[in-house]
>>> print(open('run.csv').read())   # CSV, C-alpha atoms
chain,number,residue,atom,x,y,z
Y,1252,LEU,CA,75.9,83.6,65.1
Y,1253,ASP,CA,73.1,81.2,64.8
Y,1254,THR,CA,75.3,78.4,63.4
Y,1255,GLY,CA,78.4,79.0,65.5
Y,1256,ARG,CA,80.6,79.3,62.4
Y,1257,GLU,CA,82.8,82.3,61.8
Y,1258,LEU,CA,82.0,84.0,58.5
Y,1259,PRO,CA,84.9,84.6,56.0
Y,1260,PRO,CA,86.1,88.2,55.8
Y,1261,PRO,CA,84.4,90.5,53.4
Y,1262,PRO,CA,85.9,90.8,49.9
Y,1263,PRO,CA,88.2,93.8,49.4
Y,1264,ARG,CA,85.8,95.6,47.1
Y,1265,GLU,CA,83.1,95.5,49.9
Y,1266,VAL,CA,85.6,96.8,52.4
Y,1267,LEU,CA,86.6,99.7,50.1
Y,1268,LEU,CA,83.0,100.5,49.2
Y,1269,THR,CA,82.1,100.7,52.9
Y,1270,LEU,CA,85.2,102.7,53.7
Y,1271,ARG,CA,84.4,105.2,51.0
Y,1272,GLU,CA,80.8,105.7,52.2
Y,1273,HIS,CA,82.1,106.1,55.8
Y,1274,VAL,CA,84.8,108.6,54.8
Y,1275,ALA,CA,82.3,110.7,52.8
Y,1276,GLY,CA,79.9,110.7,55.8
Y,1277,LEU,CA,82.7,111.8,58.1
Y,1278,HIS,CA,83.5,114.7,55.7
Y,1279,GLN,CA,79.9,115.7,55.6
Y,1280,LEU,CA,79.2,115.4,59.3
Y,1281,HIS,CA,82.4,117.0,60.7
Y,1282,GLY,CA,83.5,119.3,57.9
Y,1283,ALA,CA,86.5,119.3,55.6
Y,1284,VAL,CA,89.5,119.5,58.0
Y,1285,PRO,CA,88.2,117.6,61.0
Y,1286,GLY,CA,86.4,115.1,58.8
Y,1287,ALA,CA,89.6,114.4,56.8
Y,1288,ARG,CA,91.6,113.9,60.0
Y,1289,MET,CA,89.1,111.6,61.5
Y,1290,ALA,CA,88.9,109.6,58.2
Y,1291,ARG,CA,92.6,108.7,58.6
Y,1292,LYS,CA,91.9,106.8,61.8
Y,1293,HIS,CA,89.0,105.0,60.3
Y,1294,ALA,CA,90.8,104.2,57.1
Y,1295,GLY,CA,93.5,102.5,59.3
Y,1296,TRP,CA,90.9,100.3,60.9
Y,1297,TYR,CA,89.3,99.3,57.6
Y,1298,SER,CA,92.7,98.7,55.9
Y,1299,ARG,CA,93.5,95.9,58.4
Y,1300,HIS,CA,91.2,93.7,56.3
Y,1301,LEU,CA,93.1,94.3,53.1
Y,1302,ALA,CA,96.2,92.6,51.8
Y,1303,ASP,CA,97.7,95.9,50.8
Y,1304,GLY,CA,96.4,97.6,54.0
Y,1305,PRO,CA,99.8,99.1,55.1
Y,1306,GLN,CA,100.3,100.8,51.7
Y,1307,LEU,CA,96.7,102.1,51.7
Y,1308,ARG,CA,97.2,103.5,55.2
Y,1309,GLN,CA,100.5,105.2,54.2
Y,1310,ARG,CA,98.9,106.8,51.1
Y,1311,PHE,CA,95.7,107.8,52.8
Y,1312,ASN,CA,97.4,109.3,55.8
Y,1313,ALA,CA,99.4,111.6,53.5
Y,1314,LEU,CA,96.2,113.2,52.1
Y,1315,GLU,CA,94.9,116.3,53.7
Y,1316,GLN,CA,92.0,117.2,51.4
Y,1317,PRO,CA,88.7,115.4,51.6
Y,1318,GLN,CA,88.4,115.1,47.9
Y,1319,ALA,CA,91.9,113.6,47.6
Y,1320,GLN,CA,90.9,110.9,50.1
Y,1321,LEU,CA,87.8,110.0,48.1
Y,1322,ASP,CA,89.7,110.1,44.8
Y,1323,LEU,CA,92.2,107.6,46.2
Y,1324,LEU,CA,89.4,105.3,47.3
Y,1325,ASP,CA,87.8,105.6,43.9
Y,1326,GLN,CA,91.1,104.7,42.2
Y,1327,LEU,CA,91.4,101.6,44.3
Y,1328,LEU,CA,87.8,100.6,43.7
Y,1329,ALA,CA,88.3,101.0,39.9
Y,1330,ARG,CA,91.1,98.4,40.1
Y,1331,GLU,CA,89.0,95.9,42.1
Y,1332,ALA,CA,86.8,93.6,40.0
Y,1333,PRO,CA,83.1,93.7,40.9
Y,1334,GLU,CA,81.8,90.7,42.8
Y,1335,PRO,CA,79.9,88.2,40.6
Y,1336,GLU,CA,76.2,88.3,40.9
Y,1337,ARG,CA,74.9,85.8,43.3
Y,1338,ASN,CA,71.8,83.8,42.3
Y,1339,ALA,CA,69.0,83.9,44.9
Y,1340,ALA,CA,67.9,80.3,44.6
>>> encode(input="run.csv", output="structure tokens")
Amino acid sequence: LDTGRELPPPPPREVLLTLREHVAGLHQLHGAVPGARMARKHAGWYSRHLADGPQLRQRFNALEQPQAQLDLLDQLLAREAPEPERNAA
């Protein structure tokens, strides 16, 4: 905001990591069934930032169990290469 330039979108791995943390928090805060239902809506919002977002939404929305939602996100994260370390110079 200080520079007036728009930042590039976050890398897919960062989106997925944030989504996984958010989904786990929804499960913990709201319980298994309501948390899993709420997580579907949130996954839809996060998936807008991913190239394969529509496929993720479709797969995620078919899952009713909280652990299945987390397992899917873990599978997707395992396929994403970690971001290279940035040197703090």
>>> atom_distance(input="run.csv", atom1="CA of Asp1322 in chain Y", atom2="CA of Leu1267 in chain Y")
12.1 Å
>>> residues_around(input="run.csv", residues="Leu1268 in chain Y", least_positions_apart="4", cutoff="8 Å", atoms="all atoms listed in the file", output="list in words")
Arg1264, Glu1272 and Leu1328 of chain Y
>>> closest_residue(input="run.csv", among="Y:Leu1314, Y:Leu1270, Y:Leu1280, Y:Leu1327", to="Ser1298 in chain Y", atoms="all atoms listed in the file")
Y:Leu1270
>>> atom_distance(input="run.csv", atom1="CA of Lys1292 in chain Y", atom2="CA of Arg1308 in chain Y")
9.1 Å
>>> closest_residue(input="run.csv", among="Y:His1293, Y:Arg1271, Y:His1281, Y:Arg1256", to="Gln1326 in chain Y", atoms="all atoms listed in the file")
Y:Arg1271
>>> atom_distance(input="run.csv", atom1="CA of Leu1277 in chain Y", atom2="CA of Ala1313 in chain Y")
17.3 Å
>>> residues_around(input="run.csv", residues="Pro1333 in chain Y", least_positions_apart="6", cutoff="10 Å", atoms="all atoms listed in the file", output="PyMOL selection string")
chain Y and resi 1262-1265
>>> residues_near_point(input="run.csv", point="(89.7, 116.6, 47.4)", cutoff="12 Å", atoms="only C-alpha atoms", output="ChimeraX atom specification")
/Y:1274-1275,1278,1283-1284,1286-1287,1311,1314-1325
>>> write_last_selection(input="run.csv", atoms="C-alpha atoms", output="PDB file, keeping the file's coordinate frame")
ATOM      1  CA  VAL Y1274      84.800 108.600  54.800  1.00  0.00           C
ATOM      2  CA  ALA Y1275      82.300 110.700  52.800  1.00  0.00           C
ATOM      3  CA  HIS Y1278      83.500 114.700  55.700  1.00  0.00           C
ATOM      4  CA  ALA Y1283      86.500 119.300  55.600  1.00  0.00           C
ATOM      5  CA  VAL Y1284      89.500 119.500  58.000  1.00  0.00           C
ATOM      6  CA  GLY Y1286      86.400 115.100  58.800  1.00  0.00           C
ATOM      7  CA  ALA Y1287      89.600 114.400  56.800  1.00  0.00           C
ATOM      8  CA  PHE Y1311      95.700 107.800  52.800  1.00  0.00           C
ATOM      9  CA  LEU Y1314      96.200 113.200  52.100  1.00  0.00           C
ATOM     10  CA  GLU Y1315      94.900 116.300  53.700  1.00  0.00           C
ATOM     11  CA  GLN Y1316      92.000 117.200  51.400  1.00  0.00           C
ATOM     12  CA  PRO Y1317      88.700 115.400  51.600  1.00  0.00           C
ATOM     13  CA  GLN Y1318      88.400 115.100  47.900  1.00  0.00           C
ATOM     14  CA  ALA Y1319      91.900 113.600  47.600  1.00  0.00           C
ATOM     15  CA  GLN Y1320      90.900 110.900  50.100  1.00  0.00           C
ATOM     16  CA  LEU Y1321      87.800 110.000  48.100  1.00  0.00           C
ATOM     17  CA  ASP Y1322      89.700 110.100  44.800  1.00  0.00           C
ATOM     18  CA  LEU Y1323      92.200 107.600  46.200  1.00  0.00           C
ATOM     19  CA  LEU Y1324      89.400 105.300  47.300  1.00  0.00           C
ATOM     20  CA  ASP Y1325      87.800 105.600  43.900  1.00  0.00           C
TER      21      ASP Y1325
END
>>> closest_residue(input="run.csv", among="Y:Ala1294, Y:His1273, Y:Met1289, Y:Asp1253", to="Leu1307 in chain Y", atoms="only C-alpha atoms")
Y:Ala1294
>>> closest_residue(input="run.csv", among="Y:Gly1295, Y:Gly1276, Y:Gly1282, Y:Pro1259", to="Asn1312 in chain Y", atoms="only C-alpha atoms")
Y:Gly1295
